[in-house]
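Visitor: Below is the file work.txt, which contains compact mmCIF, C-alpha atoms (C1' of nucleotides).
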```
# COMPACT_ATOMS: atom_id res chain seq x y z
CA MET A 1 56.36 103.05 91.14
CA SER A 2 59.09 104.63 89.05
CA LYS A 3 60.57 102.82 86.15
CA ASN A 4 63.99 102.80 87.81
CA LYS A 5 62.67 101.18 90.93
CA GLU A 6 60.97 98.56 88.75
CA LYS A 7 64.22 97.89 86.99
CA LEU A 8 66.05 97.36 90.27
CA LYS A 9 63.37 95.05 91.61
CA LYS A 10 63.47 93.01 88.46
CA VAL A 11 67.21 92.55 88.55
CA LEU A 12 67.29 91.70 92.26
CA HIS A 13 64.56 89.16 91.72
CA LYS A 14 66.42 87.62 88.80
CA GLU A 15 69.47 87.29 91.05
CA GLY A 16 67.43 85.79 93.86
CA LEU A 17 68.16 88.81 96.04
CA ARG A 18 65.77 90.82 98.18
CA PHE A 19 64.69 94.35 97.53
CA THR A 20 65.91 96.41 100.49
CA SER A 21 65.93 100.09 101.37
CA GLN A 22 69.74 100.08 101.36
CA ARG A 23 69.96 98.68 97.85
CA GLU A 24 67.40 101.17 96.70
CA ALA A 25 69.34 104.03 98.29
CA VAL A 26 72.52 103.01 96.47
CA TRP A 27 70.76 102.69 93.14
CA ASN A 28 68.95 106.00 93.59
CA GLU A 29 72.17 107.78 94.42
CA ILE A 30 73.93 106.33 91.38
CA ILE A 31 71.22 107.32 88.93
CA SER A 32 70.89 110.78 90.48
CA SER A 33 74.05 111.94 88.75
CA ASP A 34 75.81 111.57 85.41
CA GLU A 35 79.23 112.08 86.99
CA HIS A 36 81.89 109.40 87.12
CA ARG A 37 82.18 108.73 90.85
CA ASN A 38 84.06 106.19 92.93
CA ALA A 39 82.47 103.95 95.54
CA ASP A 40 83.44 106.20 98.40
CA GLU A 41 81.99 109.28 96.77
CA ILE A 42 78.74 107.44 96.26
CA TYR A 43 78.84 106.26 99.86
CA MET A 44 79.42 109.80 101.15
CA ALA A 45 76.64 111.21 98.99
CA ILE A 46 74.18 108.73 100.44
CA ARG A 47 75.21 109.65 103.97
CA LEU A 48 74.80 113.34 103.18
CA ASN A 49 71.23 112.55 102.25
CA GLY A 50 70.82 111.33 105.80
CA VAL A 51 70.54 107.66 104.88
CA LEU A 52 72.76 105.21 106.72
CA VAL A 53 74.21 102.54 104.48
CA SER A 54 77.55 100.91 105.14
CA ARG A 55 80.49 101.02 102.80
CA ALA A 56 80.33 97.23 102.51
CA THR A 57 76.74 97.41 101.30
CA VAL A 58 77.64 100.09 98.78
CA TYR A 59 80.34 97.86 97.31
CA ARG A 60 78.11 94.81 97.41
CA THR A 61 75.25 96.58 95.69
CA ILE A 62 77.44 98.14 93.03
CA ASP A 63 78.77 94.67 92.20
CA VAL A 64 75.26 93.45 91.51
CA LEU A 65 74.47 96.49 89.40
CA VAL A 66 77.65 96.14 87.37
CA LYS A 67 77.04 92.45 86.83
CA ASN A 68 73.56 93.25 85.54
CA ASN A 69 74.60 95.94 83.17
CA MET A 70 72.95 98.78 85.07
CA VAL A 71 76.22 100.39 86.04
CA ARG A 72 79.54 100.57 84.24
CA LYS A 73 82.82 100.15 86.11
CA LEU A 74 85.57 102.44 84.91
CA ASP A 75 89.23 101.79 85.65
CA VAL A 76 90.81 105.19 85.20
CA GLY A 77 94.37 103.95 85.51
CA VAL A 78 95.10 105.45 88.91
CA GLY A 79 93.22 105.32 92.20
CA PRO A 80 89.87 103.70 92.80
CA SER A 81 87.48 102.57 90.07
CA LYS A 82 84.74 104.95 89.06
CA PHE A 83 81.15 104.14 88.26
CA GLU A 84 78.44 105.54 86.06
CA HIS A 85 74.88 104.42 85.55
CA LYS A 86 73.76 103.15 82.17
CA MET A 87 70.10 104.16 82.31
CA ASN A 88 68.92 105.88 79.16
CA ALA A 89 72.56 106.55 78.37
CA PRO A 90 73.69 105.22 75.02
CA HIS A 91 76.80 103.04 75.04
CA HIS A 92 80.09 104.90 74.94
CA ASP A 93 83.76 104.51 75.76
CA HIS A 94 86.16 107.00 77.33
CA ILE A 95 89.06 109.23 76.50
CA ILE A 96 90.92 110.30 79.60
CA CYS A 97 93.46 113.07 80.21
CA ILE A 98 96.45 111.69 82.13
CA GLN A 99 97.29 115.20 83.36
CA CYS A 100 94.06 116.55 84.77
CA GLY A 101 91.88 113.43 84.86
CA ARG A 102 89.23 114.89 82.61
CA ILE A 103 87.02 112.24 81.06
CA GLU A 104 85.18 112.57 77.75
CA GLU A 105 82.86 110.03 76.24
CA PHE A 106 83.01 108.76 72.69
CA MET A 107 81.22 106.20 70.59
CA VAL A 108 82.12 104.87 67.17
CA ASN A 109 79.83 102.26 65.69
CA GLN A 110 82.54 101.00 63.41
CA ILE A 111 84.77 100.17 66.38
CA GLU A 112 81.94 98.31 68.08
CA ASP A 113 81.38 96.26 64.95
CA LEU A 114 85.06 95.47 64.58
CA GLN A 115 85.15 94.28 68.18
CA ASP A 116 82.37 91.86 67.45
CA SER A 117 84.31 90.54 64.48
CA VAL A 118 87.41 90.01 66.59
CA ALA A 119 85.46 88.09 69.24
CA LYS A 120 83.88 85.95 66.56
CA GLU A 121 87.21 85.27 64.93
CA TYR A 122 88.70 84.03 68.21
CA GLY A 123 85.61 82.04 69.14
CA PHE A 124 84.81 84.20 72.16
CA LYS A 125 81.34 85.05 73.35
CA LEU A 126 81.74 88.76 74.11
CA VAL A 127 80.51 89.89 77.51
CA ARG A 128 81.96 93.36 77.88
CA HIS A 129 84.89 95.45 76.85
CA ILE A 130 87.17 98.16 78.08
CA HIS A 131 88.24 100.72 75.58
CA GLN A 132 90.00 103.72 76.98
CA LEU A 133 92.19 106.24 75.24
CA PHE A 134 94.71 108.01 77.45
CA GLY A 135 96.30 111.24 76.36
CA ILE A 136 96.78 114.93 77.03
CA CYS A 137 93.69 117.08 76.58
CA LYS A 138 93.65 120.38 74.75
CA ASP A 139 93.86 122.44 77.95
CA CYS A 140 96.82 120.51 79.34
CA GLN A 141 98.97 120.47 76.22
CA MET B 1 126.79 95.03 73.95
CA SER B 2 123.43 93.62 73.07
CA LYS B 3 120.82 95.77 71.45
CA ASN B 4 118.49 95.31 74.39
CA LYS B 5 121.08 96.49 76.87
CA GLU B 6 121.69 99.51 74.66
CA LYS B 7 118.00 100.26 74.60
CA LEU B 8 117.80 100.15 78.39
CA LYS B 9 120.83 102.39 78.79
CA LYS B 10 119.41 104.90 76.38
CA VAL B 11 116.08 105.09 78.18
CA LEU B 12 117.64 105.34 81.62
CA HIS B 13 119.90 108.11 80.39
CA LYS B 14 117.00 109.96 78.88
CA GLU B 15 115.23 109.74 82.24
CA GLY B 16 118.30 110.90 84.13
CA LEU B 17 118.55 107.53 85.85
CA ARG B 18 121.58 105.37 86.41
CA PHE B 19 122.28 102.05 84.78
CA THR B 20 122.41 99.43 87.54
CA SER B 21 122.72 95.69 87.68
CA GLN B 22 119.28 95.46 89.29
CA ARG B 23 117.57 97.38 86.53
CA GLU B 24 119.37 95.28 83.97
CA ALA B 25 118.26 92.08 85.74
CA VAL B 26 114.63 93.18 85.70
CA TRP B 27 114.75 94.14 82.06
CA ASN B 28 116.50 90.91 81.08
CA GLU B 29 113.95 88.84 82.92
CA ILE B 30 111.07 90.65 81.27
CA ILE B 31 112.39 90.23 77.74
CA SER B 32 113.30 86.60 78.37
CA SER B 33 109.68 85.55 78.03
CA ASP B 34 106.63 86.34 75.95
CA GLU B 35 104.25 85.38 78.76
CA HIS B 36 101.98 87.84 80.49
CA ARG B 37 103.39 87.88 84.02
CA ASN B 38 102.67 89.93 87.11
CA ALA B 39 105.28 91.81 89.11
CA ASP B 40 105.65 89.07 91.66
CA GLU B 41 106.17 86.38 89.05
CA ILE B 42 108.89 88.47 87.49
CA TYR B 43 110.41 89.04 90.91
CA MET B 44 110.41 85.32 91.69
CA ALA B 45 111.90 84.45 88.31
CA ILE B 46 114.80 86.81 88.94
CA ARG B 47 115.42 85.26 92.35
CA LEU B 48 115.40 81.78 90.82
CA ASN B 49 118.20 82.95 88.57
CA GLY B 50 120.15 83.58 91.72
CA VAL B 51 120.06 87.37 91.43
CA LEU B 52 118.92 89.33 94.45
CA VAL B 53 116.67 92.22 93.57
CA SER B 54 114.00 93.53 95.91
CA ARG B 55 110.33 93.61 95.12
CA ALA B 56 110.40 97.41 95.45
CA THR B 57 113.06 97.64 92.77
CA VAL B 58 111.12 95.36 90.47
CA TYR B 59 108.08 97.61 90.76
CA ARG B 60 110.15 100.76 90.40
CA THR B 61 111.93 99.47 87.32
CA ILE B 62 108.76 98.24 85.66
CA ASP B 63 107.28 101.71 86.11
CA VAL B 64 110.14 103.23 84.17
CA LEU B 65 109.87 100.62 81.44
CA VAL B 66 106.13 101.11 81.12
CA LYS B 67 106.51 104.86 80.98
CA ASN B 68 109.03 104.49 78.20
CA ASN B 69 107.03 102.13 76.10
CA MET B 70 109.29 99.15 76.57
CA VAL B 71 106.74 97.22 78.57
CA ARG B 72 102.98 97.15 78.43
CA LYS B 73 100.90 97.06 81.60
CA LEU B 74 97.83 94.84 81.38
CA ASP B 75 94.93 95.19 83.76
CA VAL B 76 93.22 91.83 83.49
CA GLY B 77 90.23 92.83 85.57
CA VAL B 78 91.03 90.75 88.61
CA GLY B 79 94.17 90.39 90.69
CA PRO B 80 97.50 92.06 90.02
CA SER B 81 98.45 93.75 86.76
CA LYS B 82 100.38 91.75 84.24
CA PHE B 83 103.25 92.87 82.08
CA GLU B 84 104.70 92.01 78.70
CA HIS B 85 107.68 93.43 76.87
CA LYS B 86 107.22 95.27 73.62
CA MET B 87 110.55 94.45 71.97
CA ASN B 88 110.15 93.33 68.37
CA ALA B 89 106.55 92.54 69.19
CA PRO B 90 104.07 94.28 66.94
CA HIS B 91 101.37 96.27 68.68
CA HIS B 92 98.31 94.33 69.75
CA ASP B 93 95.40 94.42 72.16
CA HIS B 94 93.86 91.60 74.20
CA ILE B 95 90.81 89.43 74.39
CA ILE B 96 90.47 87.78 77.78
CA CYS B 97 88.37 84.87 78.99
CA ILE B 98 86.60 85.78 82.22
CA GLN B 99 86.26 82.11 83.10
CA CYS B 100 89.73 80.67 82.71
CA GLY B 101 91.83 83.81 82.34
CA ARG B 102 93.18 82.84 78.94
CA ILE B 103 94.54 85.81 77.02
CA GLU B 104 94.71 86.09 73.24
CA GLU B 105 96.22 88.94 71.28
CA PHE B 106 94.56 90.77 68.43
CA MET B 107 95.34 93.70 66.21
CA VAL B 108 93.06 95.51 63.80
CA ASN B 109 94.54 98.41 61.90
CA GLN B 110 91.16 99.92 61.30
CA ILE B 111 90.50 100.17 65.04
CA GLU B 112 93.85 101.83 65.58
CA ASP B 113 93.05 104.39 62.91
CA LEU B 114 89.62 105.08 64.33
CA GLN B 115 91.18 105.68 67.75
CA ASP B 116 93.45 108.29 66.25
CA SER B 117 90.44 110.00 64.71
CA VAL B 118 88.63 110.06 68.03
CA ALA B 119 91.61 111.60 69.81
CA LYS B 120 91.93 114.20 67.09
CA GLU B 121 88.26 115.01 67.25
CA TYR B 122 88.43 115.64 71.00
CA GLY B 123 91.69 117.58 70.78
CA PHE B 124 93.65 114.97 72.74
CA LYS B 125 97.26 114.07 72.10
CA LEU B 126 97.09 110.27 72.34
CA VAL B 127 99.65 108.65 74.62
CA ARG B 128 98.39 105.12 75.03
CA HIS B 129 95.23 103.10 75.08
CA ILE B 130 93.61 100.16 76.74
CA HIS B 131 91.45 97.99 74.58
CA GLN B 132 90.38 94.75 76.12
CA LEU B 133 87.56 92.45 75.15
CA PHE B 134 86.21 90.25 77.92
CA GLY B 135 84.18 87.17 77.16
CA ILE B 136 83.93 83.42 77.34
CA CYS B 137 86.41 81.50 75.24
CA LYS B 138 85.51 78.55 73.06
CA ASP B 139 86.68 75.99 75.64
CA CYS B 140 84.69 77.54 78.48
CA GLN B 141 81.40 77.98 76.68
C1' DA C 1 54.42 82.76 116.13
C1' DT C 2 58.27 80.15 114.88
C1' DT C 3 61.62 78.85 111.94
C1' DT C 4 64.67 79.70 108.10
C1' DC C 5 67.25 82.24 105.27
C1' DT C 6 69.08 86.77 103.69
C1' DT C 7 71.01 91.14 104.58
C1' DT C 8 73.35 94.43 107.09
C1' DG C 9 77.09 97.07 109.52
C1' DA C 10 81.44 97.62 111.87
C1' DG C 11 85.54 96.69 111.69
C1' DA C 12 89.13 93.28 110.78
C1' DC C 13 91.55 91.63 106.97
C1' DT C 14 93.82 91.08 102.35
C1' DC C 15 97.10 91.92 99.13
C1' DA C 16 99.07 94.64 95.39
C1' DT C 17 101.62 98.45 95.44
C1' DT C 18 104.13 102.42 97.39
C1' DC C 19 106.83 104.63 100.79
C1' DT C 20 110.70 105.30 104.22
C1' DC C 21 115.22 105.74 105.33
C1' DA C 22 119.70 104.07 106.41
C1' DA C 23 123.22 101.68 103.87
C1' DT C 24 125.32 101.06 99.39
C1' DA C 25 126.78 101.94 94.73
C1' DA C 26 127.18 104.88 90.19
C1' DG C 27 129.21 108.42 87.65
C1' DG C 28 131.95 112.42 86.96
C1' DG C 29 135.97 114.98 87.95
C1' DC C 30 140.67 114.98 89.39
C1' DG D 1 142.15 104.79 90.91
C1' DC D 2 140.00 107.79 94.48
C1' DC D 3 136.65 111.26 96.08
C1' DC D 4 132.62 113.32 96.29
C1' DT D 5 128.01 113.97 95.28
C1' DT D 6 123.79 112.11 94.34
C1' DA D 7 120.90 108.23 93.05
C1' DT D 8 119.60 103.64 94.16
C1' DT D 9 118.62 99.83 96.84
C1' DG D 10 116.44 96.62 100.25
C1' DA D 11 113.68 95.36 104.16
C1' DG D 12 109.96 96.05 106.05
C1' DA D 13 106.37 99.38 107.34
C1' DA D 14 102.55 101.76 105.45
C1' DT D 15 98.78 102.54 102.36
C1' DG D 16 94.35 101.99 100.49
C1' DA D 17 90.78 99.96 97.71
C1' DG D 18 88.15 96.36 98.19
C1' DT D 19 86.51 91.99 100.58
C1' DC D 20 85.33 89.15 104.34
C1' DT D 21 83.43 87.87 108.96
C1' DC D 22 79.97 87.20 112.02
C1' DA D 23 76.58 88.54 115.24
C1' DA D 24 72.36 91.13 115.12
C1' DA D 25 68.30 92.51 112.55
C1' DG D 26 64.87 91.77 108.97
C1' DA D 27 62.06 89.43 105.56
C1' DA D 28 59.61 85.39 104.00
C1' DA D 29 57.65 80.98 104.66
C1' DT D 30 55.18 77.58 107.38
```
Output the structure of this file as structure tokens.

Guide:
Amino acid sequence: MSKNKEKLKKVLHKEGLRFTSQREAVWNEIISSDEHRNADEIYMAIRLNGVLVSRATVYRTIDVLVKNNMVRKLDVGVGPSKFEHKMNAPHHDHIICIQCGRIEEFMVNQIEDLQDSVAKEYGFKLVRHIHQLFGICKDCQ
Amino acid sequence: MSKNKEKLKKVLHKEGLRFTSQREAVWNEIISSDEHRNADEIYMAIRLNGVLVSRATVYRTIDVLVKNNMVRKLDVGVGPSKFEHKMNAPHHDHIICIQCGRIEEFMVNQIEDLQDSVAKEYGFKLVRHIHQLFGICKDCQ
DNA sequence: ATTTCTTTGAGACTCATTCTCAATAAGGGC
DNA sequence: GCCCTTATTGAGAATGAGTCTCAAAGAAAT
């Protein structure tokens, strides 16, 4: 059994949820690409593969994956949220072009550390963060 | 004429928009409080003051104010967006409790500088950013 | 095999936000 | 002030992402 399938089984078990072919199909579709896709795009991709999974199940499954840190939810400021898997991908944040929608990934250790300090200072136990820079990319300027 | 009214007039003029009593009412309501309120709360507050402004106008006006950096839009992860004015208020970002919804403000110069570096590195002209830390506050832990 | 509990799918529903369009009001020129 | 042009407004319809419902189907337990 693949490592990814293992991972899914483990998380579902931890959540007290059953391993089903639908949930596997959603997870497989999400890890099959490094694109930032919305729920509907993921749903359509699964259908194109000939598998029948409802939109509701796609949303429900994504929720579980996001909650368990396997998928990141991305609010791009306009339209539906986008999702990306976090398997083997190092942590990163995003810089987004407000003209063309282009998304680049960035990661600065110093910023991560400073975030931890802020959380500590305010007595918060940090769960996640959103850090998105919006601007005009080189091509659109 | 108050400085705030001046500011609104200037921005509306710059945008080629007219100065109207409705837009003034929305702006006045927003600067009257330092709370983080959603569009509907702002709408209701205006009505309580006896002024009649439609929901559509509240949304339309907020859009202009956000675009012109007079108001900050806050996506708190669940439910409607919240808004806060930026008059005389130094720049800050937010740390949000995912249990009780409490919002604290923080500001770290070093993070701001690092953001600028990232934008520069990727060739982006930075327009705005979202930086929100989500966690469990002291009281909810 | 029977019971129990979870999951699923189809579509209804929610609710923040945006759109429509006829009526109204600003702003500029006279 | 009065016209004229053009923008703005309000009421409610429309949109659309996401969630919920509930009967049918499937898995697990006994």

Visitor: Write out as a PyMOL selection string every residue belonging to chain B that has an atom at most 6 Å from any atom of chain A, counting all atoms listed in the file.

Guide: chain B and resi 111+123-138

Visitor: Using only C-alpha atoms (C1' of nucleotides), what table do you get, as a tab-separated table, when you list each residue of chain B with an atom no more than 9 Å from chain D, its nearest pair of atoms, and their distance in Å rounded to one decimal, rows by chain then rising number?

Guide:
```
residue	atom	partner	partner_atom	distance
B:Leu17	CA	D:DA7	C1'	7.6
B:Arg18	CA	D:DA7	C1'	7.3
B:Thr20	CA	D:DT8	C1'	8.3
B:Gln22	CA	D:DT9	C1'	8.7
B:Val53	CA	D:DG10	C1'	8.0
B:Ser54	CA	D:DG10	C1'	5.9
B:Arg55	CA	D:DG10	C1'	8.5
B:Ala56	CA	D:DG10	C1'	7.8
B:Thr57	CA	D:DT9	C1'	7.2
```

Visitor: Using the selection just defined, write its residues with C-alpha atoms as an mmCIF file, in the frame of the given file.

Guide:
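Wrote it out as selection.cif, contents follow:
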```
data_model
loop_
_atom_site.group_PDB
_atom_site.id
_atom_site.type_symbol
_atom_site.label_atom_id
_atom_site.label_comp_id
_atom_site.auth_asym_id
_atom_site.auth_seq_id
_atom_site.Cartn_x
_atom_site.Cartn_y
_atom_site.Cartn_z
ATOM 1 C CA LEU B 17 118.550 107.530 85.850
ATOM 2 C CA ARG B 18 121.580 105.370 86.410
ATOM 3 C CA THR B 20 122.410 99.430 87.540
ATOM 4 C CA GLN B 22 119.280 95.460 89.290
ATOM 5 C CA VAL B 53 116.670 92.220 93.570
ATOM 6 C CA SER B 54 114.000 93.530 95.910
ATOM 7 C CA ARG B 55 110.330 93.610 95.120
ATOM 8 C CA ALA B 56 110.400 97.410 95.450
ATOM 9 C CA THR B 57 113.060 97.640 92.770
#
```

Visitor: Please report, as a tab-separated table, each residue of chain C lying at most 12 Å from chain B, together with the nearest pair of atoms and the separation in Å rounded to one decimal; use all atoms listed in the file, and order rows by chain and ascending residue number.

Guide:
```
residue	atom	partner	partner_atom	distance
C:DT14	C1'	B:Gly79	CA	11.7
C:DC15	C1'	B:Gly79	CA	9.1
C:DA16	C1'	B:Pro80	CA	6.2
C:DT17	C1'	B:Tyr59	CA	8.0
C:DT18	C1'	B:Ala56	CA	8.3
C:DC19	C1'	B:Ala56	CA	9.7
C:DT20	C1'	B:Ala56	CA	11.8
C:DA25	C1'	B:Thr20	CA	8.8
C:DA26	C1'	B:Arg18	CA	6.8
C:DG27	C1'	B:Arg18	CA	8.3
```

Visitor: Just C-alpha atoms (C1' of nucleotides) for this one: save the residues we selected as a short mmCIF file (atom, residue, chain, number, x, y, z; two decimals), in the frame of the given file.

Guide:
```
data_model
loop_
_atom_site.label_atom_id
_atom_site.label_comp_id
_atom_site.auth_asym_id
_atom_site.auth_seq_id
_atom_site.Cartn_x
_atom_site.Cartn_y
_atom_site.Cartn_z
"C1'" DT C 14 93.82 91.08 102.35
"C1'" DC C 15 97.10 91.92 99.13
"C1'" DA C 16 99.07 94.64 95.39
"C1'" DT C 17 101.62 98.45 95.44
"C1'" DT C 18 104.13 102.42 97.39
"C1'" DC C 19 106.83 104.63 100.79
"C1'" DT C 20 110.70 105.30 104.22
"C1'" DA C 25 126.78 101.94 94.73
"C1'" DA C 26 127.18 104.88 90.19
"C1'" DG C 27 129.21 108.42 87.65
#
```

Visitor: Using every C-alpha atom paired in order, could you least-squares fit chain A onto chain B and give me the moved chain as a CSV table (one decimal) with C-alpha atoms, keeping the file's coordinate frame?

Guide:
```
chain,number,residue,atom,x,y,z
A,1,MET,CA,126.8,94.8,73.9
A,2,SER,CA,123.4,93.4,73.0
A,3,LYS,CA,120.8,95.6,71.4
A,4,ASN,CA,118.5,95.2,74.4
A,5,LYS,CA,121.1,96.4,76.8
A,6,GLU,CA,121.7,99.4,74.6
A,7,LYS,CA,118.0,100.2,74.6
A,8,LEU,CA,117.9,100.1,78.4
A,9,LYS,CA,120.9,102.3,78.8
A,10,LYS,CA,119.5,104.8,76.4
A,11,VAL,CA,116.2,105.0,78.2
A,12,LEU,CA,117.8,105.3,81.6
A,13,HIS,CA,120.1,108.0,80.4
A,14,LYS,CA,117.1,109.9,78.9
A,15,GLU,CA,115.4,109.7,82.2
A,16,GLY,CA,118.5,110.8,84.1
A,17,LEU,CA,118.7,107.5,85.8
A,18,ARG,CA,121.8,105.3,86.3
A,19,PHE,CA,122.4,101.9,84.7
A,20,THR,CA,122.5,99.4,87.5
A,21,SER,CA,122.8,95.6,87.7
A,22,GLN,CA,119.4,95.4,89.3
A,23,ARG,CA,117.7,97.3,86.6
A,24,GLU,CA,119.4,95.2,84.0
A,25,ALA,CA,118.3,92.0,85.8
A,26,VAL,CA,114.6,93.2,85.7
A,27,TRP,CA,114.8,94.1,82.1
A,28,ASN,CA,116.5,90.9,81.1
A,29,GLU,CA,113.9,88.8,83.0
A,30,ILE,CA,111.0,90.6,81.3
A,31,ILE,CA,112.4,90.2,77.8
A,32,SER,CA,113.3,86.6,78.4
A,33,SER,CA,109.6,85.5,78.1
A,34,ASP,CA,106.6,86.3,76.0
A,35,GLU,CA,104.2,85.4,78.8
A,36,HIS,CA,101.9,87.9,80.5
A,37,ARG,CA,103.4,87.9,84.1
A,38,ASN,CA,102.6,90.0,87.2
A,39,ALA,CA,105.3,91.9,89.1
A,40,ASP,CA,105.6,89.2,91.7
A,41,GLU,CA,106.1,86.5,89.1
A,42,ILE,CA,108.9,88.5,87.5
A,43,TYR,CA,110.4,89.1,91.0
A,44,MET,CA,110.3,85.4,91.8
A,45,ALA,CA,111.8,84.5,88.4
A,46,ILE,CA,114.8,86.8,89.0
A,47,ARG,CA,115.4,85.3,92.4
A,48,LEU,CA,115.3,81.8,90.9
A,49,ASN,CA,118.1,82.9,88.7
A,50,GLY,CA,120.1,83.6,91.8
A,51,VAL,CA,120.0,87.3,91.5
A,52,LEU,CA,118.9,89.3,94.5
A,53,VAL,CA,116.7,92.3,93.6
A,54,SER,CA,114.0,93.6,96.0
A,55,ARG,CA,110.3,93.7,95.2
A,56,ALA,CA,110.5,97.5,95.5
A,57,THR,CA,113.1,97.7,92.8
A,58,VAL,CA,111.1,95.4,90.5
A,59,TYR,CA,108.1,97.7,90.8
A,60,ARG,CA,110.3,100.8,90.4
A,61,THR,CA,112.0,99.5,87.3
A,62,ILE,CA,108.8,98.3,85.7
A,63,ASP,CA,107.4,101.8,86.1
A,64,VAL,CA,110.2,103.3,84.2
A,65,LEU,CA,109.9,100.6,81.4
A,66,VAL,CA,106.2,101.1,81.1
A,67,LYS,CA,106.6,104.9,81.0
A,68,ASN,CA,109.1,104.5,78.2
A,69,ASN,CA,107.1,102.2,76.1
A,70,MET,CA,109.3,99.1,76.6
A,71,VAL,CA,106.8,97.2,78.6
A,72,ARG,CA,103.0,97.2,78.4
A,73,LYS,CA,100.9,97.1,81.6
A,74,LEU,CA,97.9,94.9,81.4
A,75,ASP,CA,94.9,95.3,83.7
A,76,VAL,CA,93.2,91.9,83.5
A,77,GLY,CA,90.2,92.9,85.5
A,78,VAL,CA,91.0,90.8,88.6
A,79,GLY,CA,94.1,90.5,90.7
A,80,PRO,CA,97.4,92.2,90.0
A,81,SER,CA,98.4,93.9,86.7
A,82,LYS,CA,100.4,91.8,84.2
A,83,PHE,CA,103.3,92.9,82.1
A,84,GLU,CA,104.7,92.1,78.7
A,85,HIS,CA,107.7,93.4,76.9
A,86,LYS,CA,107.2,95.3,73.6
A,87,MET,CA,110.5,94.4,72.0
A,88,ASN,CA,110.2,93.3,68.4
A,89,ALA,CA,106.5,92.6,69.2
A,90,PRO,CA,104.1,94.4,66.9
A,91,HIS,CA,101.4,96.4,68.7
A,92,HIS,CA,98.3,94.4,69.7
A,93,ASP,CA,95.4,94.5,72.1
A,94,HIS,CA,93.9,91.6,74.2
A,95,ILE,CA,90.8,89.4,74.3
A,96,ILE,CA,90.5,87.8,77.7
A,97,CYS,CA,88.4,84.8,78.9
A,98,ILE,CA,86.6,85.7,82.1
A,99,GLN,CA,86.3,82.0,83.0
A,100,CYS,CA,89.8,80.6,82.6
A,101,GLY,CA,91.9,83.8,82.3
A,102,ARG,CA,93.2,82.8,78.9
A,103,ILE,CA,94.6,85.8,77.0
A,104,GLU,CA,94.8,86.1,73.2
A,105,GLU,CA,96.3,89.0,71.2
A,106,PHE,CA,94.6,90.8,68.4
A,107,MET,CA,95.3,93.7,66.2
A,108,VAL,CA,93.1,95.6,63.8
A,109,ASN,CA,94.5,98.5,61.9
A,110,GLN,CA,91.1,100.0,61.3
A,111,ILE,CA,90.5,100.2,65.0
A,112,GLU,CA,93.8,101.9,65.6
A,113,ASP,CA,93.0,104.4,62.9
A,114,LEU,CA,89.5,105.1,64.3
A,115,GLN,CA,91.1,105.7,67.8
A,116,ASP,CA,93.3,108.3,66.3
A,117,SER,CA,90.3,110.0,64.7
A,118,VAL,CA,88.4,110.0,68.1
A,119,ALA,CA,91.4,111.6,69.9
A,120,LYS,CA,91.7,114.2,67.2
A,121,GLU,CA,88.0,115.0,67.3
A,122,TYR,CA,88.2,115.6,71.0
A,123,GLY,CA,91.4,117.6,70.8
A,124,PHE,CA,93.4,115.0,72.8
A,125,LYS,CA,97.0,114.1,72.2
A,126,LEU,CA,96.9,110.3,72.4
A,127,VAL,CA,99.5,108.7,74.7
A,128,ARG,CA,98.2,105.2,75.1
A,129,HIS,CA,95.1,103.2,75.1
A,130,ILE,CA,93.5,100.2,76.7
A,131,HIS,CA,91.4,98.0,74.6
A,132,GLN,CA,90.3,94.7,76.1
A,133,LEU,CA,87.6,92.4,75.1
A,134,PHE,CA,86.2,90.2,77.9
A,135,GLY,CA,84.2,87.1,77.1
A,136,ILE,CA,84.0,83.3,77.2
A,137,CYS,CA,86.5,81.4,75.1
A,138,LYS,CA,85.7,78.5,72.9
A,139,ASP,CA,86.8,75.9,75.5
A,140,CYS,CA,84.8,77.4,78.4
A,141,GLN,CA,81.5,77.9,76.6
```

Visitor: Can you tell me, as JSON, the centre and edge lengths (Å, one decimal) of the axis-aligned box enclosing all of range 7-13 of chain C's listed atoms after padding each side by 3 Å?

Guide:
```
{"center_x": 81.3, "center_y": 94.4, "center_z": 108.2, "size_x": 26.5, "size_y": 12.5, "size_z": 13.3}
```

Visitor: Between CA of Arg47 in chain A and CA of His13 in chain A, what distance in Å does the model show, to one decimal?

Guide: 26.1 Å

Visitor: One decimal, Å: what's the distance from CA of Met87 in chain B over to CA of Ser21 in chain B, could you say?

Guide: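 Value for the CA of Met87 in chain B-CA of Ser21 in chain B distance: 19.9 Å.
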
Visitor: Could you name the residues that touch Leu12 in chain B at 12 Å or less, counting only C-alpha atoms (C1' of nucleotides), but leaving out those on the same chain fewer than 6 positions away, as a CSV table (one decimal) with C-alpha atoms, keeping the file's coordinate frame?

Guide:
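The file below, part-v7.csv, is the result:
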```csv
chain,number,residue,atom,x,y,z
B,5,LYS,CA,121.1,96.5,76.9
B,6,GLU,CA,121.7,99.5,74.7
B,18,ARG,CA,121.6,105.4,86.4
B,19,PHE,CA,122.3,102.0,84.8
B,20,THR,CA,122.4,99.4,87.5
B,23,ARG,CA,117.6,97.4,86.5
B,24,GLU,CA,119.4,95.3,84.0
B,27,TRP,CA,114.8,94.1,82.1
B,61,THR,CA,111.9,99.5,87.3
B,63,ASP,CA,107.3,101.7,86.1
B,64,VAL,CA,110.1,103.2,84.2
B,65,LEU,CA,109.9,100.6,81.4
B,67,LYS,CA,106.5,104.9,81.0
B,68,ASN,CA,109.0,104.5,78.2
B,70,MET,CA,109.3,99.2,76.6
```

Visitor: One decimal, in Å: what's the spacing between CA of Met44 in chain A and CA of Ala25 in chain A?

Guide: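 Spanning CA of Met44 in chain A to CA of Ala25 in chain A is a straight-line distance of 12.0 Å.
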
Visitor: Please return as a list in words every residue within 12 Å of (104.4, 89.9, 68.3), taking into account all atoms listed in the file and the file's own coordinates.

Guide: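 Looking at atoms near the point gives Ser33, Asp34, Glu35, Glu84, His85, Lys86, Met87, Asn88, Ala89, Pro90, His91, His92, Asp93, Glu104, Glu105, Phe106 and Met107 of chain B.
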